[in-house]
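Visitor: What follows is the file data-v9.txt, containing compact mmCIF, C-alpha atoms:
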# COMPACT_ATOMS: atom_id res chain seq x y z
CA MET A 1 13.00 7.79 25.73
CA GLN A 2 10.62 5.74 27.81
CA SER A 3 8.64 3.04 26.06
CA ILE A 4 4.86 3.04 25.99
CA THR A 5 2.60 0.30 27.27
CA VAL A 6 -0.11 -0.77 24.86
CA SER A 7 -3.58 -2.09 25.64
CA SER A 8 -3.77 -5.87 25.91
CA HIS A 9 -7.38 -5.83 24.64
CA PRO A 10 -7.73 -8.56 21.99
CA SER A 11 -9.10 -6.17 19.36
CA VAL A 12 -6.10 -3.88 19.76
CA GLN A 13 -3.75 -6.86 19.67
CA TYR A 14 -5.43 -8.17 16.52
CA LEU A 15 -4.89 -4.82 14.78
CA LEU A 16 -1.28 -4.68 15.94
CA ARG A 17 -0.64 -8.07 14.33
CA ILE A 18 -1.80 -6.68 10.98
CA GLY A 19 -0.12 -3.30 11.28
CA ASP A 20 3.18 -4.69 12.58
CA THR A 21 3.36 -7.40 9.93
CA CYS A 22 3.00 -4.70 7.24
CA LEU A 23 5.42 -2.33 8.98
CA ILE A 24 8.25 -4.80 9.55
CA LEU A 25 8.01 -6.29 6.06
CA ALA A 26 8.15 -2.72 4.72
CA GLN A 27 11.40 -2.17 6.63
CA ARG A 28 12.91 -5.30 5.14
CA LEU A 29 11.83 -4.35 1.60
CA ALA A 30 13.14 -0.81 2.03
CA GLU A 31 16.59 -2.27 2.70
CA TRP A 32 16.73 -3.15 -0.99
CA CYS A 33 16.59 0.50 -2.02
CA GLY A 34 19.85 1.01 -3.91
CA HIS A 35 20.76 -2.68 -3.72
CA ALA A 36 18.35 -4.61 -5.96
CA PRO A 37 19.75 -6.60 -8.88
CA ILE A 38 18.22 -4.28 -11.49
CA VAL A 39 16.87 -0.75 -11.20
CA GLU A 40 13.29 -1.72 -12.13
CA GLU A 41 13.18 -4.12 -9.18
CA ASP A 42 14.81 -1.57 -6.92
CA ILE A 43 11.90 0.74 -7.72
CA ALA A 44 9.35 -2.06 -7.40
CA LEU A 45 10.56 -3.06 -3.94
CA SER A 46 10.55 0.55 -2.74
CA ASN A 47 7.03 1.00 -4.16
CA MET A 48 5.79 -2.05 -2.29
CA ALA A 49 7.50 -0.92 0.91
CA LEU A 50 5.65 2.38 0.55
CA ASP A 51 2.28 0.65 0.13
CA LEU A 52 2.98 -1.47 3.22
CA VAL A 53 4.03 1.53 5.29
CA GLY A 54 0.82 3.27 4.24
CA GLN A 55 -1.25 0.27 5.28
CA ALA A 56 0.65 0.01 8.57
CA ARG A 57 0.11 3.70 9.31
CA ALA A 58 -3.64 3.38 8.80
CA VAL A 59 -4.01 0.20 10.87
CA LEU A 60 -1.77 1.42 13.71
CA THR A 61 -3.69 4.70 13.79
CA ARG A 62 -6.91 2.71 14.16
CA ALA A 63 -5.35 0.50 16.87
CA GLY A 64 -4.35 3.60 18.83
CA GLU A 65 -7.81 5.15 18.51
CA LEU A 66 -9.35 1.92 19.70
CA GLU A 67 -7.17 1.98 22.81
CA GLY A 68 -8.76 5.32 23.64
CA GLU A 69 -12.29 4.14 22.85
CA LEU A 70 -11.78 1.20 25.20
CA GLY A 71 -10.97 3.56 28.04
CA GLY A 72 -7.19 3.33 27.90
CA THR A 73 -4.46 5.71 26.83
CA ARG A 74 -4.74 6.63 23.18
CA HIS A 75 -1.54 6.39 21.12
CA ASP A 76 -0.82 7.73 17.66
CA GLU A 77 0.81 5.84 14.80
CA ASP A 78 4.26 7.26 15.56
CA GLN A 79 4.15 6.34 19.23
CA LEU A 80 3.11 2.81 18.30
CA ALA A 81 5.84 2.43 15.69
CA PHE A 82 8.70 4.11 17.52
CA LEU A 83 8.08 3.74 21.24
CA ARG A 84 7.16 0.10 21.68
CA ASP A 85 9.72 -2.44 22.80
CA GLU A 86 10.43 -5.62 20.91
CA ARG A 87 8.16 -7.76 23.08
CA ASP A 88 5.21 -5.48 22.25
CA PHE A 89 5.53 -5.97 18.51
CA ARG A 90 3.03 -8.46 17.14
CA ASN A 91 4.27 -9.20 13.63
CA CYS A 92 4.75 -12.76 12.45
CA THR A 93 8.36 -13.80 12.83
CA LEU A 94 8.50 -14.50 9.09
CA VAL A 95 8.62 -10.83 8.10
CA GLU A 96 11.46 -9.89 10.46
CA LEU A 97 13.87 -12.50 9.05
CA PRO A 98 16.78 -10.94 7.13
CA ARG A 99 15.98 -10.05 3.54
CA GLY A 100 18.36 -12.75 2.26
CA ASP A 101 18.93 -12.93 -1.48
CA PHE A 102 16.43 -11.95 -4.16
CA ALA A 103 14.86 -15.42 -4.07
CA VAL A 104 14.22 -15.19 -0.31
CA THR A 105 12.72 -11.73 -0.69
CA MET A 106 10.46 -12.73 -3.59
CA LEU A 107 9.31 -16.01 -2.08
CA ARG A 108 8.45 -14.27 1.20
CA ASN A 109 6.69 -11.45 -0.65
CA CYS A 110 4.67 -13.98 -2.58
CA ALA A 111 3.61 -15.92 0.52
CA VAL A 112 2.79 -12.78 2.50
CA ALA A 113 0.94 -11.07 -0.37
CA ILE A 114 -1.25 -14.15 -0.93
CA PHE A 115 -2.04 -14.15 2.79
CA LEU A 116 -2.65 -10.39 3.00
CA GLU A 117 -4.89 -10.42 -0.07
CA LEU A 118 -7.05 -13.08 1.59
CA LEU A 119 -7.02 -11.20 4.88
CA TRP A 120 -7.92 -7.80 3.38
CA GLN A 121 -10.73 -9.42 1.36
CA ARG A 122 -12.27 -10.68 4.59
CA LEU A 123 -11.59 -7.44 6.45
CA GLU A 124 -13.64 -5.54 3.86
CA GLY A 125 -16.59 -6.98 5.80
CA SER A 126 -15.27 -6.00 9.23
CA SER A 127 -17.67 -4.64 11.83
CA ASP A 128 -15.13 -1.83 12.27
CA GLY A 129 -15.93 0.65 9.51
CA GLU A 130 -12.47 2.20 9.46
CA LEU A 131 -10.75 -1.18 9.19
CA ALA A 132 -13.13 -2.17 6.38
CA ALA A 133 -12.29 1.06 4.55
CA ILE A 134 -8.54 0.49 4.92
CA ALA A 135 -9.01 -3.05 3.61
CA GLY A 136 -10.92 -1.84 0.55
CA LYS A 137 -7.85 0.04 -0.58
CA ALA A 138 -5.18 -2.39 0.64
CA VAL A 139 -6.68 -5.43 -1.07
CA LYS A 140 -5.94 -3.90 -4.47
CA GLU A 141 -2.34 -3.23 -3.46
CA ALA A 142 -1.84 -6.74 -2.07
CA ARG A 143 -3.15 -8.20 -5.33
CA TYR A 144 -0.63 -6.22 -7.33
CA HIS A 145 2.19 -7.28 -4.96
CA ARG A 146 1.10 -10.90 -5.26
CA GLU A 147 1.14 -10.81 -9.05
CA HIS A 148 4.61 -9.25 -9.06
CA ALA A 149 6.09 -11.71 -6.57
CA ALA A 150 4.41 -14.76 -8.12
CA ASP A 151 5.83 -13.83 -11.52
CA TRP A 152 9.31 -13.72 -10.01
CA VAL A 153 8.92 -16.98 -8.10
CA VAL A 154 7.98 -18.73 -11.34
CA ARG A 155 10.74 -17.00 -13.26
CA LEU A 156 13.37 -18.01 -10.71
CA GLY A 157 12.10 -21.57 -10.32
CA ASP A 158 11.80 -22.01 -14.06
CA GLY A 159 15.01 -20.13 -14.83
CA THR A 160 18.61 -21.24 -14.61
CA GLU A 161 20.03 -23.99 -12.45
CA GLU A 162 21.37 -21.32 -10.14
CA SER A 163 18.07 -19.44 -9.79
CA ALA A 164 16.12 -22.68 -9.24
CA ALA A 165 18.59 -23.76 -6.56
CA ARG A 166 18.31 -20.37 -4.85
CA LEU A 167 14.53 -20.55 -4.88
CA LYS A 168 14.58 -24.08 -3.44
CA ALA A 169 16.95 -22.92 -0.72
CA ALA A 170 14.65 -19.98 0.02
CA LEU A 171 11.68 -22.31 0.42
CA ASP A 172 13.65 -24.59 2.77
CA LEU A 173 14.70 -21.57 4.82
CA LEU A 174 11.30 -19.86 5.07
CA TRP A 175 8.90 -22.78 5.15
CA PRO A 176 9.09 -23.42 8.92
CA TYR A 177 7.97 -19.82 9.56
CA PHE A 178 4.77 -19.90 7.48
CA ALA A 179 2.90 -22.10 9.95
CA GLU A 180 2.83 -19.40 12.64
CA ILE A 181 0.61 -17.17 10.51
CA PHE A 182 -2.25 -19.67 10.78
CA GLU A 183 -1.88 -20.66 14.45
CA ALA A 184 -5.23 -20.21 16.19
CA ASP A 185 -5.41 -18.47 19.56
CA ALA A 186 -7.74 -16.51 21.80
CA ILE A 187 -7.04 -13.18 20.09
CA ASP A 188 -8.15 -14.59 16.76
CA ALA A 189 -11.21 -16.19 18.32
CA GLU A 190 -12.26 -12.93 19.95
CA ALA A 191 -11.74 -10.95 16.74
CA ASP A 192 -13.94 -13.45 14.94
CA ALA A 193 -16.60 -13.33 17.64
CA ALA A 194 -16.61 -9.52 17.53
CA ARG A 195 -16.74 -9.69 13.72
CA LEU A 196 -13.64 -7.49 13.68
CA GLY A 197 -11.87 -9.90 11.36
CA PRO A 198 -11.37 -13.55 10.47
CA ARG A 199 -9.45 -16.15 12.39
CA TRP A 200 -6.23 -16.36 10.44
CA ALA A 201 -6.45 -20.14 10.75
CA ASP A 202 -9.54 -19.98 8.54
CA LEU A 203 -7.45 -18.54 5.71
CA ARG A 204 -4.99 -21.43 5.79
CA ASP A 205 -6.57 -23.68 3.15
CA ASP A 206 -6.99 -20.90 0.61
CA TRP A 207 -3.45 -19.71 1.27
CA ARG A 208 -2.05 -23.21 0.79
CA ALA A 209 -3.95 -23.62 -2.49
CA GLY A 210 -2.76 -20.25 -3.80
CA PHE A 211 0.84 -20.73 -2.72
CA ALA A 212 0.97 -24.32 -3.98
CA ALA A 213 -0.23 -23.16 -7.42
CA VAL A 214 2.63 -20.69 -7.67
CA LEU A 215 5.17 -23.23 -6.41
CA SER A 216 3.89 -25.80 -8.88
CA ALA A 217 4.42 -23.38 -11.79
CA ALA A 218 7.91 -22.81 -10.39
CA GLY A 219 8.70 -26.53 -10.30
CA LEU A 220 8.36 -26.87 -6.53
CA SER A 221 5.74 -28.21 -4.16
CA LEU A 222 4.62 -27.51 -0.62
CA PRO A 223 7.04 -29.15 1.84
CA ALA A 224 5.77 -31.35 4.66
CA GLU A 225 4.48 -29.76 7.84
CA ARG A 226 6.96 -29.43 10.69
CA ALA A 227 6.47 -29.21 14.42
CA PHE A 228 8.45 -25.97 14.83
CA ARG A 229 6.38 -22.86 15.57
CA SER A 230 7.71 -19.32 15.64
CA THR A 231 5.96 -16.98 18.07
CA GLY A 232 6.26 -13.39 16.85
CA LYS A 233 2.49 -12.82 17.00
CA ILE A 234 2.60 -13.19 20.78
CA GLY A 235 5.68 -10.99 21.08
CA ARG A 236 8.38 -13.64 21.34
CA HIS A 237 10.58 -12.83 18.38
CA SER A 238 13.69 -14.10 16.66
CA GLU A 239 17.02 -12.42 17.34
CA HIS A 240 16.54 -10.37 14.16
CA LEU A 241 13.72 -7.99 15.16
CA GLY A 242 15.80 -6.09 17.71
CA TYR A 243 18.18 -4.92 14.99
CA VAL A 244 15.30 -3.79 12.76
CA LEU A 245 13.82 -1.80 15.63
CA ALA A 246 17.16 -0.33 16.65
CA GLU A 247 17.52 1.17 13.21
CA MET A 248 13.88 2.17 12.80
CA GLN A 249 13.40 3.67 16.27
CA HIS A 250 16.81 5.19 16.91
CA LEU A 251 15.96 8.75 15.88
CA GLN A 252 12.74 9.04 17.91
CA ARG A 253 14.37 7.43 20.92
CA SER A 254 17.34 9.81 20.74
CA PHE A 255 15.37 12.94 19.87
CA PRO A 256 11.88 12.37 21.35
CA GLY A 257 9.15 14.01 19.29
CA GLY A 258 11.58 15.17 16.64
CA VAL A 259 9.94 16.25 13.39
CA TRP A 260 11.09 17.66 10.09
CA MET B 261 1.84 31.17 -6.71
CA ILE B 262 4.51 28.48 -6.55
CA ASP B 263 3.99 25.02 -5.16
CA ALA B 264 6.67 25.05 -2.51
CA ALA B 265 7.41 21.34 -2.62
CA PHE B 266 7.85 20.97 -6.34
CA GLY B 267 8.35 24.46 -7.74
CA THR B 268 5.53 23.99 -10.24
CA PRO B 269 3.86 27.29 -11.08
CA LEU B 270 0.17 26.95 -10.41
CA PRO B 271 -2.37 28.77 -12.56
CA ALA B 272 -4.06 31.79 -11.02
CA PRO B 273 -7.30 30.79 -9.28
CA PRO B 274 -10.35 31.71 -11.33
CA LEU B 275 -12.35 34.72 -10.27
CA ARG B 276 -15.74 34.09 -8.84
CA ALA B 277 -18.34 34.24 -11.57
CA ALA B 278 -21.25 36.55 -10.90
CA GLY B 279 -24.09 34.74 -9.18
CA SER B 280 -22.13 31.57 -8.45
CA SER B 281 -22.23 30.09 -4.99
CA ARG B 282 -19.27 29.59 -2.67
CA ILE B 283 -19.35 25.89 -3.49
CA GLU B 284 -19.43 26.42 -7.27
CA HIS B 285 -16.51 28.80 -6.94
CA ALA B 286 -14.64 26.29 -4.78
CA TRP B 287 -15.04 23.57 -7.43
CA ALA B 288 -13.71 25.97 -10.06
CA VAL B 289 -10.68 26.67 -7.86
CA LEU B 290 -10.14 22.96 -7.14
CA ALA B 291 -10.10 22.31 -10.88
CA THR B 292 -6.87 24.35 -10.97
CA VAL B 293 -5.11 22.43 -8.16
CA LEU B 294 -2.75 20.09 -9.98
CA ASP B 295 -1.36 16.76 -8.88
CA PRO B 296 2.25 17.39 -7.78
CA GLU B 297 3.58 14.31 -9.57
CA VAL B 298 1.54 14.66 -12.76
CA PRO B 299 1.13 18.43 -13.03
CA VAL B 300 -1.31 18.39 -15.94
CA VAL B 301 -4.27 16.80 -14.19
CA SER B 302 -6.17 18.43 -11.36
CA VAL B 303 -7.39 16.86 -8.15
CA VAL B 304 -10.89 17.07 -9.65
CA ASP B 305 -9.80 15.32 -12.87
CA LEU B 306 -8.30 12.53 -10.76
CA GLY B 307 -11.47 12.08 -8.72
CA ILE B 308 -9.60 12.65 -5.47
CA VAL B 309 -12.03 15.40 -4.39
CA ARG B 310 -15.29 13.63 -3.56
CA ALA B 311 -17.39 16.45 -2.15
CA VAL B 312 -17.36 20.08 -1.07
CA SER B 313 -19.73 21.48 1.51
CA ASP B 314 -20.25 24.96 2.91
CA ASP B 315 -20.50 24.76 6.68
CA GLY B 316 -20.81 28.51 7.17
CA ASP B 317 -17.67 29.00 9.22
CA ALA B 318 -15.58 26.84 6.88
CA LEU B 319 -15.56 24.83 3.69
CA THR B 320 -15.20 21.09 4.05
CA VAL B 321 -13.44 19.29 1.24
CA VAL B 322 -13.73 15.51 1.25
CA VAL B 323 -10.73 13.77 -0.32
CA THR B 324 -10.02 10.09 -0.96
CA PRO B 325 -6.41 8.89 -1.05
CA THR B 326 -5.17 7.14 -4.20
CA TYR B 327 -2.67 4.68 -2.69
CA SER B 328 -2.19 3.81 0.99
CA GLY B 329 1.38 5.06 0.97
CA CYS B 330 1.17 7.81 -1.65
CA PRO B 331 3.57 10.51 -0.44
CA ALA B 332 1.77 13.14 -2.52
CA THR B 333 -1.34 12.95 -0.34
CA GLU B 334 -0.16 15.51 2.20
CA VAL B 335 1.12 17.89 -0.50
CA ILE B 336 -2.24 17.65 -2.27
CA GLU B 337 -4.14 18.46 0.91
CA ALA B 338 -1.91 21.46 1.60
CA SER B 339 -2.29 22.65 -2.02
CA ILE B 340 -6.09 22.46 -1.75
CA VAL B 341 -6.13 24.52 1.44
CA ALA B 342 -3.70 27.08 -0.02
CA ALA B 343 -5.65 27.47 -3.28
CA LEU B 344 -8.97 27.98 -1.51
CA ASP B 345 -7.36 30.44 0.90
CA ASP B 346 -5.86 32.40 -1.98
CA ALA B 347 -9.28 32.61 -3.60
CA GLY B 348 -10.71 34.01 -0.36
CA LEU B 349 -12.90 30.96 0.19
CA GLY B 350 -11.24 29.63 3.34
CA PRO B 351 -10.91 28.56 6.03
CA THR B 352 -10.97 25.00 4.72
CA ARG B 353 -11.24 21.70 6.50
CA ILE B 354 -9.96 18.57 4.76
CA ARG B 355 -11.81 15.39 5.58
CA MET B 356 -10.11 12.17 4.52
CA GLN B 357 -12.55 9.49 3.44
CA ARG B 358 -11.22 6.03 2.66
CA ALA B 359 -14.42 4.30 1.62
CA PRO B 360 -15.34 3.70 -1.07
CA ALA B 361 -11.75 3.14 -2.14
CA TRP B 362 -10.43 5.35 -4.92
CA THR B 363 -10.38 3.74 -8.34
CA THR B 364 -8.88 4.92 -11.62
CA ASP B 365 -12.42 4.66 -13.02
CA TRP B 366 -13.01 8.00 -11.26
CA ILE B 367 -10.51 9.81 -13.48
CA SER B 368 -12.53 12.04 -15.81
CA GLU B 369 -12.42 11.66 -19.58
CA SER B 370 -10.72 15.04 -19.86
CA GLY B 371 -8.24 13.90 -17.18
CA LYS B 372 -7.45 10.79 -19.22
CA ALA B 373 -6.94 12.91 -22.34
CA LYS B 374 -4.56 15.19 -20.42
CA LEU B 375 -2.58 12.19 -19.18
CA ARG B 376 -2.19 10.91 -22.73
CA GLY B 377 -1.11 14.35 -23.92
CA TYR B 378 1.53 14.33 -21.18
CA GLY B 379 2.92 11.00 -22.41
CA ILE B 380 1.26 8.77 -19.81
CA VAL B 381 -1.10 6.12 -21.13
CA PRO B 382 -4.29 6.52 -19.09
CA PRO B 383 -5.82 3.56 -17.24
CA GLY B 384 -8.42 1.39 -18.94
CA PRO B 385 -11.57 0.30 -17.12
CA VAL B 386 -10.86 -1.67 -13.96
CA ASP B 387 -11.21 -5.38 -14.63
CA LEU B 388 -13.61 -6.64 -12.00
CA ALA B 389 -12.60 -10.24 -12.69
CA LYS B 390 -9.26 -9.44 -11.09
CA GLY B 391 -11.04 -9.49 -7.77
CA VAL B 392 -11.92 -13.16 -7.99
CA PRO B 393 -9.02 -15.57 -8.50
CA LEU B 394 -6.26 -16.54 -6.21
CA ARG B 395 -5.03 -19.29 -8.50
CA PHE B 396 -1.77 -18.51 -10.19
CA VAL B 397 -2.39 -17.78 -13.84
CA PRO B 398 0.57 -16.74 -15.96
CA ARG B 399 -0.64 -13.50 -17.48
CA ALA B 400 0.28 -12.00 -20.79
CA VAL B 401 0.00 -8.26 -20.32
CA ALA B 402 -2.18 -6.81 -23.09
CA PRO B 403 -0.23 -4.29 -25.19
CA LEU B 404 -0.95 -0.58 -24.92
CA ALA B 405 -0.82 1.93 -27.74
CA CYS B 406 2.30 4.10 -27.57
CA PRO B 407 1.28 7.64 -26.57
CA ARG B 408 3.74 9.07 -29.12
CA CYS B 409 3.43 6.98 -32.28
CA GLU B 410 0.25 4.95 -31.57
CA SER B 411 2.04 1.66 -32.33
CA GLN B 412 0.70 -1.40 -30.52
CA ASP B 413 4.16 -2.95 -30.62
CA THR B 414 4.90 -2.15 -26.98
CA GLU B 415 6.05 -4.07 -23.91
CA ARG B 416 5.92 -3.60 -20.18
CA LEU B 417 9.40 -3.14 -18.73
CA ALA B 418 8.40 -3.03 -15.08
CA ALA B 419 5.21 -3.42 -13.07
CA PHE B 420 6.17 -0.39 -10.96
CA GLY B 421 7.30 3.06 -12.03
CA ALA B 422 8.51 6.35 -10.64
CA THR B 423 5.37 6.75 -8.55
CA ALA B 424 3.01 4.24 -6.95
CA CYS B 425 0.35 4.85 -9.60
CA LYS B 426 2.41 4.12 -12.69
CA ALA B 427 4.15 1.24 -14.53
CA LEU B 428 7.02 1.53 -16.98
CA TRP B 429 6.61 0.60 -20.68
CA ARG B 430 8.58 0.81 -23.89
CA CYS B 431 7.55 1.19 -27.52
CA ARG B 432 9.45 -1.11 -29.84
CA ALA B 433 8.37 0.88 -32.91
CA CYS B 434 9.66 4.33 -31.96
CA GLY B 435 12.04 3.16 -29.25
CA GLU B 436 10.67 5.57 -26.63
CA PRO B 437 9.90 4.58 -23.05
CA PHE B 438 6.58 5.71 -21.61
CA GLU B 439 4.51 5.37 -18.46
CA HIS B 440 1.16 3.76 -17.88
CA PHE B 441 -1.25 4.91 -15.17
CA LYS B 442 -2.19 1.53 -13.65
CA SER B 443 -5.85 0.55 -13.49
CA ILE B 444 -6.90 -0.09 -9.91
Would you write the structure of this file as structure tokens?

Guide:
Amino acid sequence: MQSITVSSHPSVQYLLRIGDTCLILAQRLAEWCGHAPIVEEDIALSNMALDLVGQARAVLTRAGELEGELGGTRHDEDQLAFLRDERDFRNCTLVELPRGDFAVTMLRNCAVAIFLELLWQRLEGSSDGELAAIAGKAVKEARYHREHAADWVVRLGDGTEESAARLKAALDLLWPYFAEIFEADAIDAEADAARLGPRWADLRDDWRAGFAAVLSAAGLSLPAERAFRSTGKIGRHSEHLGYVLAEMQHLQRSFPGGVW
Amino acid sequence: MIDAAFGTPLPAPPLRAAGSSRIEHAWAVLATVLDPEVPVVSVVDLGIVRAVSDDGDALTVVVTPTYSGCPATEVIEASIVAALDDAGLGPTRIRMQRAPAWTTDWISESGKAKLRGYGIVPPGPVDLAKGVPLRFVPRAVAPLACPRCESQDTERLAAFGATACKALWRCRACGEPFEHFKSI
């Protein structure tokens, strides 16, 4: 099945960053279904994956509509999810990394939920009415995800020697990938100018304060900044995204337009 | 009539009362359309149906989704259309309206009573203060009264339950698990 080409308009790209970050994290969380350490967490992770898929569907739908409004080819949510190639995905690299152990999953969820809660709060004031409406719902879900993940981060950090060591290892592993979220670029600047949404860089201080508070309760602190920058938001991904997409897109690529 | 997806028998739609308008009749019918996951409360009890208008050629029913990823949303929309068709009120258009976002504060008092009768502790008022902080505050979850024995000696087992809208609890007094409809 031939891939689609998506509008390079900054507003569309900005929406893809949000929708793809939710979509790819949802895929990683869904991998836990049937594999979580206890059944309650199995259910929790599936629930959160479902919320994120719902948010992704709404934002990708809006991105596709916007393509049409800007004079280009309009795409629907399924085309955007299933018929784009890896280089056209705009999620942060962080969310495509393998799910790791429970500490990696919870620490990433915590960091992403704190970020998304801040982002949705600002998007409630978007000049795009549909995006503002999506945000009004999603902000409540992100808050609930954040509370759940933060509780686990503290519990692991403040738990046994083993759980604390796993959490520390998770922080060392993931930390270099957090910086990308807050990298400023022209797409962010244009979204801000159009009042579509905030520059993600402007959320950095609040995110650091929120994340540091959780880490502190877990007996950890924010590591030092590093020079490394991942580049998923501009379509240059780690080696891991291709495998996620292969699994997610396989059916639509093999049986174009298949429905059930 | 059987709800195809879940096999729940739906009550017969009420007959149109003499002198009532198409819209009044539609609301009466909608009050019989039950949530597929909690088949004791109707879509009106839950506050999902925001408005009904008569556009001459068709009825328009405005619905607001509960959770972004709630898989019951499409079943609910199909059930609404089917119920209004069966009552001879169709054709029906469903218009999805996201804003303002659905809140459990829209669940009617009778809806909350039905939830409790079904063994699900209904949501309390939404705590607006939750919207403010981003600081991490370890939270003690306030106990709920057990829907079976009324004991306050209960604990939350899991923040998430069998559906997006519920959390899982247990009563230490009577030993029974129960669900809580989360306040959002």

Visitor: Considering all atoms listed in the file, extract the chain A residues located within 7 Å of chain B and return them as a PyMOL selection string.

Guide: chain A and resi 40+43-44+47+50-51+53-55+133-134+136-138+140+210+213-214

Visitor: What is the atom CA of Leu171 of chain A-atom CA of Ala150 of chain A distance in Å, reported with one decimal?

Guide: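 These atoms are spaced 13.5 Å apart.
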
Visitor: Work out how far apart atom CA of Val321 of chain B and atom CA of Ser302 of chain B are and give it in Å to one decimal.

Guide: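 Between these atoms lies a distance of 14.6 Å.
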
Visitor: What separation in Å, quoted to one decimal, exists between atom CA of Val300 of chain B and atom CA of Ala342 of chain B?

Guide: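 Pair atom CA of Val300 of chain B / atom CA of Ala342 of chain B returns 18.3 Å.
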
Visitor: Leaving out Ser46 of chain A and any residue of its chain fewer than 4 positions from it, which residues lie within 8 Å of it when counting all atoms listed in the file, given as a list of chain:residue names?

Guide: A:Leu29, A:Ala30, A:Trp32, A:Cys33, A:Asp42, A:Leu50

Visitor: Can you tell me, as a list in words, what residues are no more than 10 Å from Asp172 of chain A when counting all atoms listed in the file, ignoring any on the same chain fewer than 6 positions away?

Guide: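 Selected residues are Val104, Arg166 and Pro223 of chain A.
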
Visitor: Take the residues from that selection and write them out as a PDB file, keeping the file's coordinate frame, keeping C-alpha atoms.

Guide:
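Output file out.pdb follows:
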ATOM      1  CA  VAL A 104      14.220 -15.190  -0.310  1.00  0.00           C
ATOM      2  CA  ARG A 166      18.310 -20.370  -4.850  1.00  0.00           C
ATOM      3  CA  PRO A 223       7.040 -29.150   1.840  1.00  0.00           C
TER       4      PRO A 223
END

Visitor: So which one's closest to Glu130 of chain A, A:Glu31, A:Glu41, A:Glu65, A:Asp206? Using all atoms listed in the file, please.

Guide: A:Glu65

Visitor: Measuring between all atoms listed in the file, which one of A:Leu241, A:Val154, A:Cys92, A:Leu196 shows the shortest distance to Ala217 of chain A?

Guide: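 Smallest distance to Ala217 of chain A is found for A:Val154.
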
Visitor: Might you pull out every residue within 9 Å of Ser313 of chain B, with all atoms listed in the file counted and same-chain residues fewer than 6 positions away left off, and present them as an NGL selection string?

Guide: :B and (283 or 319-322)

Visitor: Could you please give me, as number ranges by chain, the residues of protein, DNA or RNA lying at most 10 Å from (4.6, -20.2, -5.6) in the coordinate frame of the file, considering only C-alpha atoms?

Guide: A: 106-108, 110-111, 114, 146, 149-154, 157, 167, 171, 208-222; B: 396

Visitor: Counting all atoms listed in the file, write as an mmCIF file with C-alpha atoms, keeping the file's coordinate frame all protein and nucleic acid residues lying at most 8 Å from (3.4, 5.3, 20.8) in the file's frame.

Guide:
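See out.cif below for the written result:
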data_model
loop_
_atom_site.group_PDB
_atom_site.id
_atom_site.type_symbol
_atom_site.label_atom_id
_atom_site.label_comp_id
_atom_site.auth_asym_id
_atom_site.auth_seq_id
_atom_site.Cartn_x
_atom_site.Cartn_y
_atom_site.Cartn_z
ATOM 1 C CA SER A 3 8.640 3.040 26.060
ATOM 2 C CA ILE A 4 4.860 3.040 25.990
ATOM 3 C CA HIS A 75 -1.540 6.390 21.120
ATOM 4 C CA ASP A 76 -0.820 7.730 17.660
ATOM 5 C CA GLU A 77 0.810 5.840 14.800
ATOM 6 C CA ASP A 78 4.260 7.260 15.560
ATOM 7 C CA GLN A 79 4.150 6.340 19.230
ATOM 8 C CA LEU A 80 3.110 2.810 18.300
ATOM 9 C CA ALA A 81 5.840 2.430 15.690
ATOM 10 C CA PHE A 82 8.700 4.110 17.520
ATOM 11 C CA LEU A 83 8.080 3.740 21.240
ATOM 12 C CA ARG A 84 7.160 0.100 21.680
#

Visitor: Let me make sure I understand: among B:Asp317, B:Glu334, B:Glu369, B:Asp295, which one has the smallest atom-to-atom distance to Gly350 of chain B if we use only C-alpha atoms?

Guide: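 Ranking B:Asp317, B:Glu334, B:Glu369, B:Asp295 by distance to Gly350 of chain B, first place goes to B:Asp317.
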
Visitor: So which residues touch Arg432 of chain B within 9 Å, counting only C-alpha atoms, skipping near sequence neighbours fewer than 5 positions away, as a short mmCIF file (atom, residue, chain, number, x, y, z; two decimals) with C-alpha atoms, keeping the file's coordinate frame?

Guide:
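Dumped everything to result_3.cif:
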data_model
loop_
_atom_site.label_atom_id
_atom_site.label_comp_id
_atom_site.auth_asym_id
_atom_site.auth_seq_id
_atom_site.Cartn_x
_atom_site.Cartn_y
_atom_site.Cartn_z
CA SER B 411 2.04 1.66 -32.33
CA GLN B 412 0.70 -1.40 -30.52
CA ASP B 413 4.16 -2.95 -30.62
CA THR B 414 4.90 -2.15 -26.98
CA GLU B 415 6.05 -4.07 -23.91
CA PRO B 437 9.90 4.58 -23.05
#

Visitor: Restricting the calculation to only C-alpha atoms, which member of A:Gly64, A:Tyr14, A:Gln27, A:Arg143 is positioned closest to Ala246 of chain A?

Guide: A:Gln27
